[in-house]
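Listing of work_36.cif; format and content: mmCIF, C-alpha atoms and all ligand atoms.
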data_start
#
loop_
_atom_site.label_atom_id
_atom_site.label_comp_id
_atom_site.auth_asym_id
_atom_site.auth_seq_id
_atom_site.Cartn_x
_atom_site.Cartn_y
_atom_site.Cartn_z
CA MET A 598 4.35 -36.63 14.72
CA LYS A 599 1.74 -35.02 12.44
CA LYS A 600 1.97 -31.28 11.99
CA GLY A 601 -0.86 -28.74 11.71
CA VAL A 602 -1.46 -25.01 12.05
CA LEU A 603 -3.73 -23.03 14.38
CA LEU A 604 -4.43 -19.44 13.25
CA VAL A 605 -5.96 -17.26 15.98
CA ASN A 606 -7.58 -13.85 15.64
CA LEU A 607 -9.52 -11.77 18.17
CA GLY A 608 -13.13 -12.74 17.39
CA SER A 609 -16.46 -10.92 17.04
CA PRO A 610 -19.98 -11.25 18.44
CA ASP A 611 -22.31 -13.74 16.71
CA SER A 612 -24.51 -10.92 15.45
CA PRO A 613 -24.56 -7.10 15.70
CA THR A 614 -27.30 -7.06 18.35
CA PRO A 615 -26.93 -6.00 22.01
CA LYS A 616 -28.03 -9.53 23.00
CA ASP A 617 -24.99 -11.10 21.25
CA VAL A 618 -22.56 -8.22 21.79
CA LYS A 619 -23.00 -8.38 25.59
CA PRO A 620 -21.60 -11.91 26.22
CA TYR A 621 -18.79 -11.24 23.72
CA LEU A 622 -17.77 -8.03 25.50
CA ASP A 623 -18.11 -9.80 28.83
CA GLU A 624 -15.62 -12.49 27.82
CA PHE A 625 -13.29 -9.91 26.20
CA LEU A 626 -13.24 -7.36 29.01
CA MET A 627 -13.19 -9.95 31.84
CA ASP A 628 -9.86 -11.17 30.41
CA GLU A 629 -7.26 -10.25 33.04
CA ARG A 630 -4.80 -9.30 30.28
CA VAL A 631 -7.27 -6.76 28.84
CA ILE A 632 -8.63 -5.16 32.02
CA ASP A 633 -5.83 -5.96 34.41
CA ALA A 634 -7.50 -5.00 37.67
CA PRO A 635 -8.03 -7.46 40.56
CA LYS A 636 -10.98 -9.73 39.77
CA TRP A 637 -13.41 -8.04 42.18
CA LEU A 638 -12.67 -4.62 40.68
CA ARG A 639 -12.73 -5.92 37.12
CA THR A 640 -16.12 -7.51 37.77
CA LEU A 641 -17.43 -4.27 39.24
CA LEU A 642 -16.09 -2.19 36.34
CA VAL A 643 -17.14 -4.56 33.55
CA ARG A 644 -20.42 -6.04 34.79
CA GLY A 645 -21.45 -3.16 37.06
CA ILE A 646 -20.60 -0.25 34.75
CA ILE A 647 -19.36 -0.96 31.18
CA LEU A 648 -21.81 -3.72 30.25
CA GLN A 649 -24.75 -1.58 31.36
CA THR A 650 -24.42 0.70 28.31
CA ARG A 651 -21.66 -0.44 25.94
CA PRO A 652 -23.39 -3.43 24.28
CA LYS A 653 -26.04 -1.13 22.81
CA LYS A 654 -23.47 1.40 21.61
CA SER A 655 -21.13 -1.28 20.20
CA ALA A 656 -24.01 -3.12 18.50
CA LYS A 657 -24.89 0.10 16.64
CA ALA A 658 -21.29 0.41 15.47
CA TYR A 659 -21.19 -3.26 14.40
CA GLN A 660 -24.44 -2.78 12.43
CA LYS A 661 -22.71 -0.10 10.34
CA ILE A 662 -19.97 -2.46 9.14
CA TRP A 663 -21.61 -5.93 9.25
CA TRP A 664 -21.60 -7.93 6.00
CA GLU A 665 -24.25 -10.30 4.69
CA GLU A 666 -21.90 -13.24 5.42
CA GLY A 667 -21.19 -12.00 8.96
CA SER A 668 -18.55 -10.04 10.86
CA PRO A 669 -15.85 -8.68 8.50
CA LEU A 670 -13.09 -9.84 10.88
CA ILE A 671 -14.44 -13.40 10.89
CA VAL A 672 -15.24 -13.57 7.17
CA ILE A 673 -11.82 -12.18 6.21
CA SER A 674 -10.03 -14.54 8.62
CA GLU A 675 -11.94 -17.51 7.14
CA ARG A 676 -11.02 -16.49 3.60
CA PHE A 677 -7.40 -16.14 4.70
CA ARG A 678 -7.46 -19.60 6.34
CA ASP A 679 -8.96 -21.19 3.21
CA LYS A 680 -6.35 -19.64 0.92
CA VAL A 681 -3.47 -20.54 3.26
CA LYS A 682 -4.82 -24.10 3.51
CA SER A 683 -4.96 -24.49 -0.26
CA GLY A 684 -1.23 -23.65 -0.48
CA LEU A 685 -0.26 -26.38 2.01
CA SER A 686 -0.63 -30.12 2.51
CA LEU A 687 -1.08 -29.97 6.31
CA PRO A 688 -4.30 -29.21 8.25
CA VAL A 689 -5.00 -25.55 9.06
CA ALA A 690 -7.65 -24.49 11.61
CA LEU A 691 -8.92 -21.07 12.66
CA GLY A 692 -9.91 -20.13 16.20
CA MET A 693 -10.87 -16.88 17.91
CA ARG A 694 -9.72 -15.67 21.33
CA TYR A 695 -13.25 -14.49 22.19
CA GLY A 696 -16.68 -15.57 20.97
CA SER A 697 -18.12 -18.79 19.69
CA MET A 698 -15.34 -19.82 17.26
CA SER A 699 -13.23 -20.94 20.18
CA ILE A 700 -9.60 -22.04 20.30
CA GLU A 701 -10.83 -25.31 21.84
CA LYS A 702 -12.99 -26.08 18.78
CA ALA A 703 -10.09 -25.30 16.44
CA LEU A 704 -7.66 -27.54 18.36
CA GLY A 705 -10.34 -30.27 18.38
CA GLU A 706 -10.57 -29.98 14.60
CA LEU A 707 -6.79 -30.44 14.31
CA GLN A 708 -6.88 -33.40 16.71
CA SER A 709 -9.60 -35.10 14.65
CA LYS A 710 -7.18 -34.96 11.70
CA GLY A 711 -4.46 -36.69 13.72
CA VAL A 712 -2.40 -33.55 14.40
CA ASP A 713 -0.20 -33.65 17.49
CA GLU A 714 2.38 -30.96 16.63
CA VAL A 715 0.83 -27.51 16.25
CA LEU A 716 2.21 -24.22 14.99
CA LEU A 717 0.23 -21.50 16.79
CA VAL A 718 -0.03 -18.27 14.76
CA PRO A 719 -1.49 -15.30 16.68
CA LEU A 720 -2.73 -13.02 13.89
CA TYR A 721 -1.10 -9.90 15.34
CA PRO A 722 2.12 -8.32 14.06
CA HIS A 723 2.96 -6.81 17.50
CA TYR A 724 3.24 -8.11 21.05
CA ALA A 725 0.76 -6.77 23.60
CA MET A 726 -0.49 -8.55 26.70
CA SER A 727 -4.05 -7.75 25.55
CA SER A 728 -3.62 -9.29 22.07
CA TYR A 729 -0.68 -11.61 21.29
CA GLU A 730 0.04 -12.71 24.87
CA THR A 731 -3.55 -13.56 25.78
CA VAL A 732 -3.86 -15.71 22.64
CA VAL A 733 -0.73 -17.65 23.57
CA VAL A 734 -1.70 -18.09 27.23
CA LYS A 735 -5.25 -19.18 26.38
CA SER A 736 -4.08 -21.62 23.66
CA LEU A 737 -1.54 -23.24 25.99
CA GLU A 738 -4.13 -23.46 28.78
CA VAL A 739 -6.60 -25.21 26.46
CA GLN A 740 -3.86 -27.49 25.10
CA GLN A 741 -2.72 -28.53 28.58
CA GLN A 742 -6.25 -29.13 29.87
CA LYS A 743 -7.89 -30.72 26.81
CA PHE A 744 -5.17 -31.87 24.43
CA PRO A 745 -2.21 -32.89 26.62
CA GLU A 746 -0.70 -35.08 23.90
CA MET A 747 -0.23 -32.06 21.59
CA GLN A 748 2.97 -30.05 21.30
CA VAL A 749 2.62 -26.34 20.53
CA THR A 750 5.20 -24.00 18.99
CA THR A 751 4.33 -20.29 18.78
CA MET A 752 5.16 -17.97 15.91
CA PRO A 753 6.78 -14.79 17.23
CA ALA A 754 5.37 -11.32 16.59
CA PHE A 755 6.48 -10.53 13.04
CA TYR A 756 6.38 -6.69 13.11
CA LYS A 757 9.94 -6.30 11.80
CA ASN A 758 10.26 -9.31 9.55
CA PRO A 759 11.64 -8.00 6.22
CA ASP A 760 9.19 -10.04 4.13
CA TYR A 761 6.26 -8.74 6.20
CA ILE A 762 7.53 -5.15 5.86
CA LYS A 763 7.71 -5.63 2.08
CA VAL A 764 4.17 -7.04 1.86
CA LEU A 765 2.83 -4.22 4.08
CA SER A 766 4.73 -1.56 2.11
CA ASP A 767 3.49 -2.92 -1.22
CA SER A 768 -0.10 -2.86 0.05
CA ILE A 769 0.36 0.78 1.16
CA ALA A 770 1.90 1.68 -2.21
CA GLU A 771 -1.11 0.09 -3.91
CA GLY A 772 -3.50 2.11 -1.70
CA LEU A 773 -1.65 5.34 -2.49
CA LYS A 774 -1.62 4.78 -6.27
CA ASP A 775 -4.62 6.98 -6.94
CA PHE A 776 -4.26 9.28 -3.93
CA ASP A 777 -2.12 12.38 -3.87
CA TYR A 778 -1.46 12.44 -0.11
CA ASP A 779 0.20 15.16 1.88
CA HIS A 780 0.36 13.02 5.02
CA ILE A 781 0.20 9.31 5.96
CA LEU A 782 -0.97 8.45 9.48
CA PHE A 783 -0.06 5.00 10.86
CA SER A 784 -2.85 4.41 13.38
CA TYR A 785 -2.25 1.49 15.77
CA HIS A 786 -4.73 0.09 18.29
CA GLY A 787 -3.95 1.73 21.64
CA ILE A 788 -3.29 0.13 25.01
CA PRO A 789 -3.09 1.62 28.51
CA GLU A 790 0.40 3.00 29.26
CA ARG A 791 0.40 0.80 32.36
CA HIS A 792 0.49 -2.31 30.15
CA ILE A 793 3.78 -1.16 28.64
CA ARG A 794 5.37 -0.95 32.10
CA LYS A 795 3.82 -4.26 33.13
CA SER A 796 5.27 -6.04 30.09
CA ASP A 797 8.78 -4.59 30.62
CA PRO A 798 10.92 -7.50 31.93
CA THR A 799 13.62 -5.08 33.19
CA LYS A 800 11.02 -3.04 35.12
CA PHE A 801 13.05 0.14 34.43
CA HIS A 802 13.50 0.54 30.69
CA CYS A 803 10.07 1.63 29.46
CA LYS A 804 9.39 5.13 30.69
CA ILE A 805 7.19 6.15 27.76
CA ASP A 806 9.26 9.34 27.68
CA GLY A 807 9.78 9.57 23.94
CA SER A 808 13.26 8.04 23.88
CA CYS A 809 13.11 4.62 25.59
CA CYS A 810 11.62 2.93 22.55
CA LYS A 811 14.60 4.09 20.44
CA ILE A 812 17.31 2.88 22.86
CA ASN A 813 18.27 -0.73 22.31
CA SER A 814 16.87 -2.99 25.04
CA VAL A 815 15.68 -6.52 25.74
CA ALA A 816 12.42 -4.79 26.76
CA HIS A 817 11.58 -4.32 23.09
CA HIS A 818 10.68 -8.03 22.75
CA THR A 819 7.50 -7.22 24.66
CA CYS A 820 7.16 -3.45 24.14
CA TYR A 821 4.12 -2.78 21.97
CA ARG A 822 5.01 0.91 21.64
CA HIS A 823 8.52 0.16 20.41
CA GLN A 824 7.23 -2.44 17.97
CA CYS A 825 4.60 -0.11 16.48
CA TYR A 826 7.10 2.72 15.94
CA ASP A 827 9.57 0.21 14.54
CA THR A 828 7.03 -0.97 11.94
CA THR A 829 6.44 2.63 10.84
CA ASP A 830 10.21 3.32 10.63
CA ARG A 831 10.85 0.19 8.59
CA VAL A 832 8.04 0.99 6.14
CA ILE A 833 9.39 4.57 5.77
CA GLU A 834 12.81 3.12 4.97
CA HIS A 835 11.51 0.43 2.63
CA MET A 836 9.26 2.82 0.69
CA LYS A 837 11.75 5.70 0.87
CA LEU A 838 8.99 7.94 2.20
CA ASP A 839 9.56 11.55 3.24
CA GLU A 840 9.68 11.22 7.05
CA SER A 841 8.09 14.63 7.55
CA LYS A 842 4.94 13.36 5.82
CA VAL A 843 4.48 10.32 8.10
CA SER A 844 3.46 9.95 11.75
CA SER A 845 2.11 7.30 14.13
CA SER A 846 -0.78 7.41 16.58
CA PHE A 847 -2.94 5.12 18.76
CA GLN A 848 -6.70 4.62 18.46
CA SER A 849 -9.67 2.95 20.22
CA ARG A 850 -8.96 3.97 23.82
CA LEU A 851 -11.45 3.32 26.62
CA ALA A 852 -12.16 5.98 29.22
CA GLY A 853 -10.12 5.86 32.40
CA ASP A 854 -6.36 5.73 32.69
CA PRO A 855 -3.90 7.19 30.16
CA TRP A 856 -3.45 5.22 26.95
CA LEU A 857 -0.58 5.45 24.49
CA LYS A 858 -0.37 8.86 22.84
CA PRO A 859 -0.79 10.60 20.51
CA TYR A 860 -4.45 9.70 20.22
CA THR A 861 -5.61 9.13 16.63
CA ASP A 862 -8.79 11.23 16.91
CA PHE A 863 -6.78 14.21 18.20
CA GLU A 864 -4.30 13.71 15.35
CA PHE A 865 -7.07 13.96 12.73
CA GLU A 866 -7.88 17.40 14.10
CA ARG A 867 -4.26 18.48 14.53
CA LEU A 868 -3.26 17.43 11.01
CA ALA A 869 -6.26 19.16 9.42
CA LYS A 870 -5.62 22.34 11.45
CA GLU A 871 -1.96 22.25 10.36
CA GLY A 872 -3.20 22.48 6.79
CA LYS A 873 -2.95 18.86 5.67
CA ARG A 874 -5.65 18.43 3.06
CA ASN A 875 -5.19 14.88 1.79
CA LEU A 876 -4.75 12.28 4.50
CA ALA A 877 -4.06 8.57 4.02
CA VAL A 878 -4.51 6.32 7.06
CA VAL A 879 -3.00 2.86 7.42
CA THR A 880 -3.80 0.50 10.33
CA PRO A 881 -0.97 -2.04 10.65
CA ALA A 882 -1.84 -3.37 14.14
CA PHE A 883 -4.62 -5.33 12.43
CA VAL A 884 -4.03 -7.92 9.72
CA SER A 885 -7.76 -8.04 8.94
CA ASP A 886 -10.21 -5.19 8.63
CA CYS A 887 -12.62 -5.11 11.56
CA LEU A 888 -14.84 -2.81 13.58
CA GLU A 889 -11.86 -0.67 14.61
CA THR A 890 -10.70 -0.02 11.03
CA LEU A 891 -13.99 -0.03 9.11
CA GLU A 892 -16.04 2.05 11.55
CA GLU A 893 -13.63 4.01 13.72
CA ILE A 894 -11.07 4.81 11.02
CA ALA A 895 -12.80 4.54 7.64
CA MET A 896 -16.11 6.15 8.74
CA GLU A 897 -15.64 8.18 11.94
CA GLY A 898 -12.08 9.20 11.07
CA GLN A 899 -13.10 10.66 7.75
CA GLU A 900 -15.86 12.68 9.43
CA GLN A 901 -13.49 13.97 12.11
CA PHE A 902 -10.81 14.93 9.57
CA GLU A 903 -13.27 16.67 7.25
CA GLU A 904 -15.01 18.51 10.09
CA ALA A 905 -11.64 19.90 11.12
CA GLY A 906 -10.99 21.21 7.61
CA GLY A 907 -9.43 18.24 5.77
CA LYS A 908 -10.51 17.65 2.18
CA HIS A 909 -9.63 14.15 0.99
CA TYR A 910 -9.28 11.07 3.16
CA LYS A 911 -8.34 7.49 2.41
CA HIS A 912 -8.23 4.44 4.66
CA ILE A 913 -5.85 1.89 3.18
CA PRO A 914 -7.23 -1.63 3.75
CA CYS A 915 -5.44 -4.17 5.96
CA LEU A 916 -3.60 -7.11 4.37
CA ASN A 917 -6.78 -9.23 4.68
CA ASP A 918 -6.68 -12.22 2.28
CA SER A 919 -4.44 -10.58 -0.31
CA ASP A 920 -2.33 -12.97 -2.40
CA ALA A 921 0.97 -11.49 -1.16
CA TRP A 922 0.02 -11.94 2.52
CA VAL A 923 -1.28 -15.48 1.95
CA THR A 924 1.90 -16.39 0.03
CA LEU A 925 4.07 -15.07 2.86
CA MET A 926 2.16 -17.00 5.53
CA VAL A 927 2.43 -20.17 3.41
CA LYS A 928 6.19 -19.58 3.09
CA TRP A 929 6.61 -19.19 6.89
CA ILE A 930 4.56 -22.33 7.57
CA ARG A 931 6.49 -24.37 4.98
CA GLN A 932 9.79 -23.28 6.60
CA TRP A 933 8.55 -24.45 10.01
CA GLU A 934 7.32 -27.70 8.46
CA ALA A 935 10.71 -28.31 6.86
CA ASP A 936 13.13 -27.42 9.67
CA GLN A 937 11.15 -25.91 12.60
CA SER A 938 12.47 -22.42 11.80
CA LEU A 939 10.28 -19.40 12.52
CA PRO A 940 10.23 -15.90 10.98
CA ALA A 941 12.55 -13.39 12.67
C1 LIG B 1 -3.79 -4.90 18.05
C2 LIG B 1 -4.73 -5.60 18.54
C3 LIG B 1 -5.55 -5.21 19.68
C4 LIG B 1 -5.16 -4.74 20.93
C5 LIG B 1 -3.78 -4.54 21.47
C6 LIG B 1 -6.37 -4.48 21.66
C7 LIG B 1 -6.43 -3.99 22.94
C8 LIG B 1 -7.59 -3.63 23.61
N1 LIG B 1 -8.88 -3.60 23.12
C9 LIG B 1 -9.75 -3.18 24.10
C10 LIG B 1 -11.15 -3.04 23.97
C11 LIG B 1 -11.91 -3.31 22.83
N2 LIG B 1 -11.43 -3.63 21.59
C12 LIG B 1 -12.48 -3.93 20.75
C13 LIG B 1 -12.41 -4.34 19.45
C14 LIG B 1 -11.25 -4.80 18.80
N3 LIG B 1 -9.96 -4.79 19.30
C15 LIG B 1 -9.11 -5.36 18.40
C16 LIG B 1 -7.73 -5.55 18.53
C17 LIG B 1 -6.98 -5.20 19.65
N4 LIG B 1 -7.43 -4.78 20.86
C18 LIG B 1 -9.90 -5.75 17.25
C19 LIG B 1 -9.37 -6.45 16.04
C20 LIG B 1 -11.22 -5.38 17.50
C21 LIG B 1 -12.41 -5.55 16.55
C22 LIG B 1 -13.21 -6.78 16.76
C23 LIG B 1 -14.25 -6.99 15.69
O1 LIG B 1 -15.20 -7.76 15.95
O2 LIG B 1 -14.20 -6.43 14.59
C24 LIG B 1 -13.71 -3.77 21.49
C25 LIG B 1 -15.12 -4.13 21.00
C26 LIG B 1 -15.82 -3.07 20.30
C27 LIG B 1 -16.14 -1.92 21.17
O3 LIG B 1 -17.02 -2.02 22.03
O4 LIG B 1 -15.47 -0.89 21.01
C28 LIG B 1 -13.36 -3.38 22.78
C29 LIG B 1 -14.30 -3.10 23.94
C30 LIG B 1 -9.00 -2.97 25.26
C31 LIG B 1 -9.59 -2.53 26.60
C32 LIG B 1 -7.65 -3.23 24.96
C33 LIG B 1 -6.44 -3.15 25.81
C34 LIG B 1 -6.42 -3.06 27.09
FE FE B 2 -9.36 -3.77 21.05
FE FE B 3 9.62 1.01 24.86
#
Could I get this structure in the form of structure tokens?
Ligand SMILES: C=CC1=C(C)c2cc3[nH]c(cc4nc(cc5[nH]c(cc1n2)c(C)c5CCC(=O)O)C(CCC(=O)O)=C4C)c(C)c3C=C
Ligand SMILES: [Fe+2]
Ligand SMILES: [Fe+2]
Amino acid sequence: MKKGVLLVNLGSPDSPTPKDVKPYLDEFLMDERVIDAPKWLRTLLVRGIILQTRPKKSAKAYQKIWWEEGSPLIVISERFRDKVKSGLSLPVALGMRYGSMSIEKALGELQSKGVDEVLLVPLYPHYAMSSYETVVVKSLEVQQQKFPEMQVTTMPAFYKNPDYIKVLSDSIAEGLKDFDYDHILFSYHGIPERHIRKSDPTKFHCKIDGSCCKINSVAHHTCYRHQCYDTTDRVIEHMKLDESKVSSSFQSRLAGDPWLKPYTDFEFERLAKEGKRNLAVVTPAFVSDCLETLEEIAMEGQEQFEEAGGKHYKHIPCLNDSDAWVTLMVKWIRQWEADQSLPA
């Protein structure tokens, strides 16, 4: 069999205009793992309400961060793919869960190179039904329908892998080199609390009560909240940080039901009001900078923190196409190529 790699990230609209943002948001929010209501209700919510106003608002936000070459998330993911590819002798393709750079096109590219054994790499460190799981389900659906001769192996969420924690910690240390922080906020993308309960295979462990994520359980394999806190704890340990100067929060919520707390925007205010003057923010739920880090955190976050009395603010970039991150991905892929082993 001939091996190849499929990297998958979330995707972006084709351009930062309402005309292109609308179909992208439609595909994204009509995903039953993102808005998990019955189809009739999801259609009513998304097409009847959200898509009436959000494309215009989102397009404005995209315009603030858009690069000459295109969407930062796409451009960074392409640079990452190219660098990973140059460290390997097997084909590497990049697909997006939503938008025009589809998973189908990427698998087709691998097929045209004779690949029939694929390592699927969802570019998310943590498991959530709205990120990692939907990439896996969609990729397997496309494989079964269009490429039945292919075999697919999936890389697990790597949030606690010691090599990943080292690469993340080193990137944070680099970002803090010229910044005399008095607090570091780990801001993760939020999800509705309901999704945590839905993904709990025991159906009783995850109570989101402050302690369940610390008590050992099989539920942690699919508990996004546990995995986020675990990443923060491991970085604290690796970097020997003062625990009292670090906290975690969840950003980017949509209106409606309760999302994971504490909410990042409320934390900016709380930390400033508590007298924190110099705030560093790291966003480890994303491997590539994107709308949610470049606009919501780097731009809006700074404004919110400073308005509440904060003085100095620094967003530490994601791993992006840094040499250390590329080298680690190449190492994981080579291990799979050699003996099928996957990072744990
Ligand atoms: C950690 C990864 C992500 C999870 C989990 C996630 C859940 C999630 N997202 C929405 C709604 C939106 N997210 C949007 C942008 C966006 N989300 C992620 C990652 C995760 N989302 C990324 C990387 C991006 C940026 C994409 C880019 O092009 O840069 C958007 C679009 C922008 C906007 O209108 O705000 C929406 C909408 C939900 C509802 C959800 C879980 C239920
Ligand atoms: Fe999102
Ligand atoms: Fe949990």
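Selection of all polymer residues within 6 Å of ligand LIG 1 (chain B) on the basis of only C-alpha atoms and all ligand atoms gives Leu607, Gly608, Ser609, Val631, Ile632, Ser655, Leu670, Ala725, Ser727, Ser728, His786, Ile788, Pro789, Ala882, Phe883, Cys887, Leu888 and Glu889 of chain A.
What separates atom CA of Gln748 of chain A from atom CA of Glu714 of chain A is a distance of 4.8 Å.
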Return the single residue from A:Pro669, A:Gly645, A:Gly787, A:Pro610 that is closest to ligand FE 2 (chain B), with distances computed using all atoms listed in the file.
A:Gly787
My list of candidates is A:Ile913, A:Ala877, A:Val718, A:Cys810. Which is closest to Asp767 of chain A when distances are computed with all atoms listed in the file?
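Of A:Ile913, A:Ala877, A:Val718, A:Cys810, the one nearest Asp767 of chain A, counting all atoms listed in the file, is A:Ile913.
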What does the distance between atom CA of His792 of chain A and atom CA of His818 of chain A come to in Å, to one decimal place?
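Interatomic distance here is 13.8 Å.
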All residues having an atom within 6 Å of ligand FE 3 (chain B) (all atoms listed in the file) as a list in words:
Cys803, Cys809, Cys810, His817, Cys820, Arg822 and His823 of chain A
